[in-house]
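Q: Here you go, this is query_23.txt (compact mmCIF, C-alpha atoms and all ligand atoms).
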# COMPACT_ATOMS: atom_id res chain seq x y z
CA THR V 991 11.54 7.44 11.94
CA HIS V 992 8.14 8.01 13.44
CA PHE V 993 6.27 9.75 10.66
CA GLY V 994 8.17 8.96 7.49
CA PHE V 995 9.62 12.41 6.93
CA ALA V 996 13.10 10.91 6.99
CA GLU V 997 12.52 9.55 3.49
CA VAL V 998 12.12 13.05 2.06
CA PRO V 999 14.99 13.50 -0.43
CA LEU V 1000 17.25 16.51 0.10
CA GLY V 1001 15.92 18.26 -3.00
CA GLN V 1002 12.34 18.08 -1.71
CA LYS V 1003 12.99 19.10 1.87
CA GLN V 1004 12.82 22.85 1.25
CA GLY V 1005 9.37 22.57 -0.38
CA LEU V 1006 8.05 20.69 2.63
CA VAL V 1007 9.53 23.25 5.03
CA ASP V 1008 8.04 26.12 3.00
CA ASP V 1009 4.57 24.53 3.13
CA VAL V 1010 4.85 24.21 6.90
CA PHE V 1011 5.68 27.87 7.48
CA HIS V 1012 3.19 29.14 4.91
CA LYS V 1013 0.47 27.29 6.78
CA VAL V 1014 1.45 28.51 10.24
CA ALA V 1015 2.73 32.07 9.56
CA SER V 1016 -0.25 33.96 10.98
CA ARG V 1017 -0.36 31.82 14.15
CA TYR V 1018 3.36 31.28 14.44
CA ASP V 1019 4.03 33.58 17.40
CA VAL V 1020 1.14 32.27 19.50
CA MET V 1021 2.12 28.68 18.76
CA ASN V 1022 5.69 29.34 19.89
CA ASP V 1023 4.48 30.45 23.30
CA LEU V 1024 2.05 27.56 23.66
CA MET V 1025 4.41 24.84 22.53
CA SER V 1026 7.46 25.90 24.48
CA GLY V 1027 5.48 27.01 27.53
CA GLY V 1028 7.04 30.43 26.96
CA LEU V 1029 10.55 28.93 27.20
CA HIS V 1030 11.54 30.20 23.75
CA ARG V 1031 11.47 33.70 25.25
CA ALA V 1032 14.17 32.82 27.80
CA TRP V 1033 16.29 31.07 25.16
CA LYS V 1034 15.99 34.00 22.78
CA SER V 1035 16.90 36.53 25.43
CA ALA V 1036 20.00 34.48 26.29
CA MET V 1037 20.99 34.65 22.63
CA THR V 1038 20.23 38.37 22.38
CA THR V 1039 22.46 39.05 25.40
CA ALA V 1040 25.26 36.95 23.89
CA ILE V 1041 25.32 39.10 20.72
CA GLY V 1042 27.03 41.85 22.74
CA LEU V 1043 25.08 44.73 21.19
CA PRO V 1044 26.47 48.23 21.75
CA LYS V 1045 24.40 50.32 24.15
CA GLY V 1046 25.72 53.62 22.81
CA ALA V 1047 25.41 55.19 19.38
CA ARG V 1048 28.00 52.91 17.70
CA GLN V 1049 26.77 51.44 14.40
CA PHE V 1050 26.18 47.71 14.54
CA THR V 1051 24.71 45.57 11.76
CA LEU V 1052 23.02 42.28 12.61
CA LEU V 1053 21.86 39.70 10.09
CA ASP V 1054 19.12 37.40 11.42
CA VAL V 1055 18.92 34.42 9.08
CA ALA V 1056 15.63 32.46 9.02
CA GLY V 1057 14.35 35.46 10.97
CA GLY V 1058 10.71 34.72 10.16
CA THR V 1059 8.35 37.12 11.93
CA GLY V 1060 11.20 39.26 13.31
CA ASP V 1061 11.31 38.06 16.91
CA ILE V 1062 15.09 38.21 17.26
CA ALA V 1063 15.26 41.52 15.38
CA PHE V 1064 12.84 43.27 17.74
CA ARG V 1065 14.68 41.89 20.74
CA ALA V 1066 18.01 43.15 19.38
CA ILE V 1067 16.58 46.61 18.69
CA ALA V 1068 15.17 46.77 22.23
CA ALA V 1069 18.42 45.54 23.84
CA GLY V 1070 20.89 47.68 21.88
CA GLY V 1071 21.50 51.35 21.24
CA PRO V 1072 20.24 53.53 18.36
CA GLY V 1073 23.07 52.42 16.04
CA VAL V 1074 21.78 48.84 15.85
CA ALA V 1075 20.21 47.92 12.49
CA VAL V 1076 18.87 44.45 11.71
CA THR V 1077 18.35 42.61 8.43
CA VAL V 1078 15.76 39.84 8.74
CA PHE V 1079 16.38 37.22 6.07
CA ASP V 1080 13.98 34.35 5.40
CA ILE V 1081 12.94 32.14 2.50
CA ASN V 1082 9.24 32.51 3.28
CA ASP V 1083 7.28 35.60 2.23
CA ALA V 1084 4.34 34.72 4.50
CA MET V 1085 6.57 34.81 7.59
CA LEU V 1086 8.32 38.00 6.40
CA ASP V 1087 4.95 39.72 5.77
CA VAL V 1088 3.92 39.10 9.38
CA GLY V 1089 7.30 40.50 10.50
CA ALA V 1090 7.10 43.60 8.30
CA ALA V 1091 3.61 44.36 9.64
CA ARG V 1092 4.93 44.05 13.20
CA ALA V 1093 7.83 46.38 12.37
CA ALA V 1094 5.48 48.99 10.89
CA LYS V 1095 3.23 48.81 13.95
CA ARG V 1096 6.24 49.40 16.21
CA ARG V 1097 7.53 52.20 13.95
CA LEU V 1098 10.75 50.28 13.38
CA SER V 1099 10.58 49.99 9.60
CA ASP V 1100 13.67 52.20 9.24
CA ARG V 1101 15.78 49.95 11.48
CA VAL V 1102 14.60 46.50 10.47
CA THR V 1103 14.86 45.39 6.83
CA PHE V 1104 13.14 42.26 5.53
CA ILE V 1105 14.74 40.33 2.67
CA GLN V 1106 13.59 37.08 1.10
CA GLY V 1107 16.04 34.38 0.05
CA ASN V 1108 17.75 31.10 0.79
CA ALA V 1109 20.28 30.75 3.61
CA GLU V 1110 22.37 28.58 1.30
CA GLU V 1111 22.99 31.56 -0.97
CA LEU V 1112 23.10 34.84 0.93
CA PRO V 1113 22.68 37.91 -1.34
CA PHE V 1114 25.20 40.02 0.63
CA PRO V 1115 28.83 40.93 -0.01
CA SER V 1116 31.51 39.23 2.09
CA SER V 1117 32.42 40.83 5.45
CA SER V 1118 29.25 42.92 5.76
CA PHE V 1119 27.78 42.17 9.21
CA ASP V 1120 29.04 42.59 12.77
CA ALA V 1121 27.07 39.53 13.91
CA VAL V 1122 24.83 36.86 12.40
CA THR V 1123 22.09 35.03 14.30
CA ILE V 1124 19.87 32.10 13.36
CA ALA V 1125 17.22 30.93 15.83
CA PHE V 1126 15.38 27.65 15.30
CA GLY V 1127 16.16 27.96 11.61
CA ILE V 1128 19.30 25.97 10.82
CA ARG V 1129 17.59 22.58 11.18
CA ASN V 1130 15.18 23.54 8.38
CA VAL V 1131 17.94 24.27 5.88
CA PRO V 1132 18.62 21.31 3.55
CA ARG V 1133 22.39 21.86 3.18
CA ILE V 1134 23.55 23.02 6.61
CA PRO V 1135 27.32 23.07 5.81
CA VAL V 1136 26.61 25.35 2.82
CA ALA V 1137 24.56 27.76 4.95
CA LEU V 1138 27.23 27.80 7.68
CA LYS V 1139 29.92 28.74 5.15
CA GLU V 1140 27.68 31.48 3.75
CA MET V 1141 27.02 32.94 7.21
CA ARG V 1142 30.76 32.93 7.90
CA ARG V 1143 31.46 34.64 4.56
CA VAL V 1144 29.13 37.61 5.26
CA LEU V 1145 30.55 38.14 8.78
CA LYS V 1146 33.18 40.81 9.28
CA PRO V 1147 36.46 39.33 10.60
CA GLY V 1148 36.15 39.29 14.40
CA GLY V 1149 32.37 38.94 14.16
CA HIS V 1150 30.47 35.97 15.50
CA LEU V 1151 27.67 33.64 14.49
CA LEU V 1152 25.11 32.66 17.13
CA VAL V 1153 22.99 29.58 16.47
CA LEU V 1154 20.04 28.82 18.72
CA GLU V 1155 18.51 25.43 18.04
CA PHE V 1156 16.77 22.50 19.64
CA SER V 1157 19.30 20.00 20.90
CA LYS V 1158 19.42 16.61 22.63
CA VAL V 1159 17.90 16.31 26.09
CA ASP V 1160 20.61 14.92 28.39
CA VAL V 1161 18.52 14.38 31.55
CA PRO V 1162 16.97 10.84 31.50
CA GLY V 1163 13.71 11.66 33.35
CA LEU V 1164 13.23 14.79 31.30
CA ALA V 1165 13.83 12.89 28.04
CA ARG V 1166 10.77 10.70 28.64
CA ILE V 1167 8.51 13.64 29.49
CA TYR V 1168 9.87 15.57 26.53
CA ASP V 1169 9.15 12.67 24.13
CA ALA V 1170 5.58 12.31 25.38
CA PHE V 1171 5.05 16.05 25.09
CA SER V 1172 6.55 16.54 21.66
CA PHE V 1173 5.07 13.51 19.89
CA GLY V 1174 1.75 13.55 21.74
CA VAL V 1175 0.89 17.11 22.68
CA ILE V 1176 2.54 19.27 20.00
CA PRO V 1177 0.74 17.89 16.89
CA ARG V 1178 -2.59 18.02 18.80
CA LEU V 1179 -1.95 21.62 19.85
CA GLY V 1180 -1.07 22.41 16.23
CA LYS V 1181 -4.32 20.92 15.00
CA LEU V 1182 -6.26 22.85 17.60
CA VAL V 1183 -4.69 26.26 17.03
CA ALA V 1184 -3.47 26.19 13.44
CA GLY V 1185 -6.09 23.73 12.17
CA ASP V 1186 -3.52 21.18 11.02
CA GLY V 1187 -1.33 18.81 13.01
CA GLU V 1188 0.81 17.63 10.10
CA PRO V 1189 3.17 20.65 9.94
CA TYR V 1190 3.93 20.19 13.63
CA ARG V 1191 4.67 16.51 13.15
CA TYR V 1192 7.33 17.63 10.69
CA LEU V 1193 8.71 20.07 13.27
CA VAL V 1194 8.99 17.39 15.95
CA GLU V 1195 10.64 15.04 13.48
CA SER V 1196 13.16 17.66 12.35
CA ILE V 1197 14.08 18.34 15.99
CA ARG V 1198 14.71 14.61 16.53
CA ARG V 1199 16.98 14.43 13.53
CA PHE V 1200 19.11 17.44 14.46
CA PRO V 1201 22.57 16.56 15.88
CA ASP V 1202 23.57 16.95 19.52
CA ALA V 1203 25.40 20.09 20.66
CA GLU V 1204 28.94 18.72 20.34
CA THR V 1205 28.33 17.32 16.84
CA PHE V 1206 26.86 20.62 15.70
CA ALA V 1207 29.80 22.53 17.23
CA ASN V 1208 32.08 20.37 15.07
CA MET V 1209 30.02 21.21 11.97
CA MET V 1210 30.65 24.88 12.77
CA ARG V 1211 34.39 24.19 13.10
CA ASP V 1212 34.33 22.35 9.76
CA ALA V 1213 32.76 25.46 8.19
CA GLY V 1214 35.74 27.51 9.42
CA PHE V 1215 34.42 28.99 12.66
CA GLU V 1216 36.84 29.39 15.55
CA GLN V 1217 36.50 29.52 19.35
CA VAL V 1218 33.26 27.54 18.99
CA THR V 1219 31.24 26.99 22.17
CA ALA V 1220 27.98 25.15 22.81
CA THR V 1221 25.81 25.94 25.83
CA PRO V 1222 22.89 23.61 26.61
CA MET V 1223 19.76 25.24 28.01
CA THR V 1224 16.83 23.67 29.90
CA GLY V 1225 18.49 20.25 30.20
CA GLY V 1226 19.50 20.23 26.55
CA VAL V 1227 16.06 20.94 25.07
CA ALA V 1228 17.81 23.82 23.30
CA ALA V 1229 21.44 24.89 22.89
CA LEU V 1230 23.22 28.11 21.99
CA HIS V 1231 26.25 27.75 19.71
CA VAL V 1232 28.69 30.58 19.14
CA GLY V 1233 31.59 30.71 16.72
CA PHE V 1234 33.88 33.47 15.45
CA ARG V 1235 35.18 34.40 12.04
CA ILE V 1236 38.78 35.28 12.76
N1 LIG C 1 13.89 32.77 13.85
C1 LIG C 1 12.45 32.83 14.04
C2 LIG C 1 12.11 32.55 15.47
O1 LIG C 1 12.98 32.10 16.20
O2 LIG C 1 10.98 32.80 15.88
C3 LIG C 1 11.72 31.86 13.10
C4 LIG C 1 12.06 30.40 13.27
S1 LIG C 1 11.04 29.32 12.32
C5 LIG C 1 10.96 27.90 13.39
C6 LIG C 1 12.07 28.75 11.01
C7 LIG C 1 12.20 29.72 9.85
O3 LIG C 1 13.20 29.23 8.96
C8 LIG C 1 10.94 29.89 9.01
O4 LIG C 1 10.54 31.23 9.01
C9 LIG C 1 11.36 29.39 7.62
O5 LIG C 1 10.72 30.06 6.56
C10 LIG C 1 12.85 29.65 7.65
N2 LIG C 1 13.62 28.89 6.65
C11 LIG C 1 13.50 27.58 6.33
N3 LIG C 1 14.37 27.23 5.39
C12 LIG C 1 15.10 28.35 5.08
C13 LIG C 1 16.16 28.61 4.16
N4 LIG C 1 16.67 27.66 3.37
N5 LIG C 1 16.66 29.87 4.11
C14 LIG C 1 16.16 30.85 4.91
N6 LIG C 1 15.15 30.65 5.79
C15 LIG C 1 14.62 29.41 5.88
Take the structure from the file and write it as structure tokens.
Ligand code: SAM

A:
Amino acid sequence: THFGFAEVPLGQKQGLVDDVFHKVASRYDVMNDLMSGGLHRAWKSAMTTAIGLPKGARQFTLLDVAGGTGDIAFRAIAAGGPGVAVTVFDINDAMLDVGAARAAKRRLSDRVTFIQGNAEELPFPSSSFDAVTIAFGIRNVPRIPVALKEMRRVLKPGGHLLVLEFSKVDVPGLARIYDAFSFGVIPRLGKLVAGDGEPYRYLVESIRRFPDAETFANMMRDAGFEQVTATPMTGGVAALHVGFRI
């Protein structure tokens, strides 16, 4: 490990993650653009398209776990018809507050609901959502298999889970550039914009520790998902995983 975060025991991981997102909440959206060079927008629109939102008036309920400031929710509302309603679920009230303010500003408070809680214990009845998304959130959850089972439980049969997450770069030349960028540039950018580089060191570290696309696809299968696919994007910097509850 590069920064020692690997030694954080499972029971302390969530506290560390919460500190990170409390610190960065107000600058989170700007930092996303800066640090991904705007790439997160392309990845998120690929995921939004893959949800298969109805264009007409059909009712469609989407749960966006670790939804933070509501980015995926607003994209889904813009892409789908008037029957689309989104629940943004996140453990961090600072991130949710930024999201709720954005929703109010866009006059979308009636279509986007913000709920605080832990992805390992979703406060929803079984079979309640048409689709579940989680973007750049699953790697922050301490017990990933528990969260995957929970997301499957709240899906209606026939519904799908879409997981967008950093993955393993599979292009040798790109891997070197990516390493230099993430370990060198990202913490410095974080210090410059958010006033603290430490939270971003954690982010880089957590990306390094996350499994490659095929391993994660198998974790989804182990949690009971079927027809699981993994699609690398931008040379494997990110990957979109989809799995169905049959
Ligand atoms: N999905 C948003 C996006 O793509 O812009 C936000 C992603 S942000 C990198 C990760 C989010 O995961 C944070 O808002 C954090 O609070 C949330 N998170 C971390 N651990 C969580 C948990 N156990 N349950 C729910 N949300 C969690």

Q: Could you list, as a count of residues only, all protein and nucleic acid residues with an atom at most 7 Å from ligand LIG 1 (chain C), counting all atoms listed in the file?

A: 28

Q: I'd like the interatomic distance between atom CA of Thr1077 of chain V and atom CA of Ile1105 of chain V, to a tenth of an Å.

A: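 Atom-to-atom, atom CA of Thr1077 of chain V and atom CA of Ile1105 of chain V are spaced 7.2 Å apart.
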
Q: Output as JSON lines one row per residue of segment 1100-1184 of chain V within 7 Å of segment 1203-1223 of chain V: the closest atom pair and its distance in Å to one decimal place, counting all atoms listed in the file, sorted by chain and residue number ascending.

A:
{"residue": "V:Pro1135", "atom": "CA", "partner": "V:Ala1213", "partner_atom": "CA", "distance": 6.4}
{"residue": "V:Leu1138", "atom": "CA", "partner": "V:Ala1213", "partner_atom": "CA", "distance": 6.0}
{"residue": "V:Lys1139", "atom": "CA", "partner": "V:Ala1213", "partner_atom": "CA", "distance": 5.3}
{"residue": "V:Ser1157", "atom": "CA", "partner": "V:Ala1203", "partner_atom": "CA", "distance": 6.1}

Q: So that all listed atoms of segment 1139-1146 of chain V fit with 4 Å spare on each side, what axis-aligned box centre and edge lengths in Å, to one decimal, would you give as JSON?

A:
{"center_x": 30.1, "center_y": 34.8, "center_z": 6.5, "size_x": 14.2, "size_y": 20.1, "size_z": 13.5}

Q: Of the candidates V:Gly1027, V:Gly1180, V:Gly1046, V:Pro1072, which shows the shortest atom-to-atom distance to Leu1098 of chain V, using only C-alpha atoms?

A: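 Between V:Gly1027, V:Gly1180, V:Gly1046, V:Pro1072, the residue approaching Leu1098 of chain V most closely is V:Pro1072.
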
Q: Can you work out which one of V:Phe1200, V:Phe1171, V:Tyr1192, V:Phe1119 has the shortest atom-to-atom distance to Met1025 of chain V, counting all atoms listed in the file?

A: V:Phe1171

Q: Between V:Arg1065, V:Arg1017, V:His1012, V:Arg1142, which residue has the minimum interatomic distance to Ser1035 of chain V, considering all atoms listed in the file?

A: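 The answer is V:Arg1065, which sits nearest to Ser1035 of chain V.
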
Q: Calculated over only C-alpha atoms, which of the candidates V:Gln1049, V:Gln1106, V:Ser1172, V:Thr1038 has the smallest distance to Leu1151 of chain V?

A: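 Closest to Leu1151 of chain V of all the choices is V:Thr1038.
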
Q: Quick one: distance from atom CA of Ser1118 of chain V to atom CA of Met1141 of chain V in Å, one decimal?

A: 10.3 Å

Q: Have a look at V:Gly1148, V:Gly1089, V:Pro1115, V:Gly1226 and name the one nearest to Asp1160 of chain V; count all atoms listed in the file.

A: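 Using all atoms listed in the file, the shortest distance to Asp1160 of chain V belongs to V:Gly1226.
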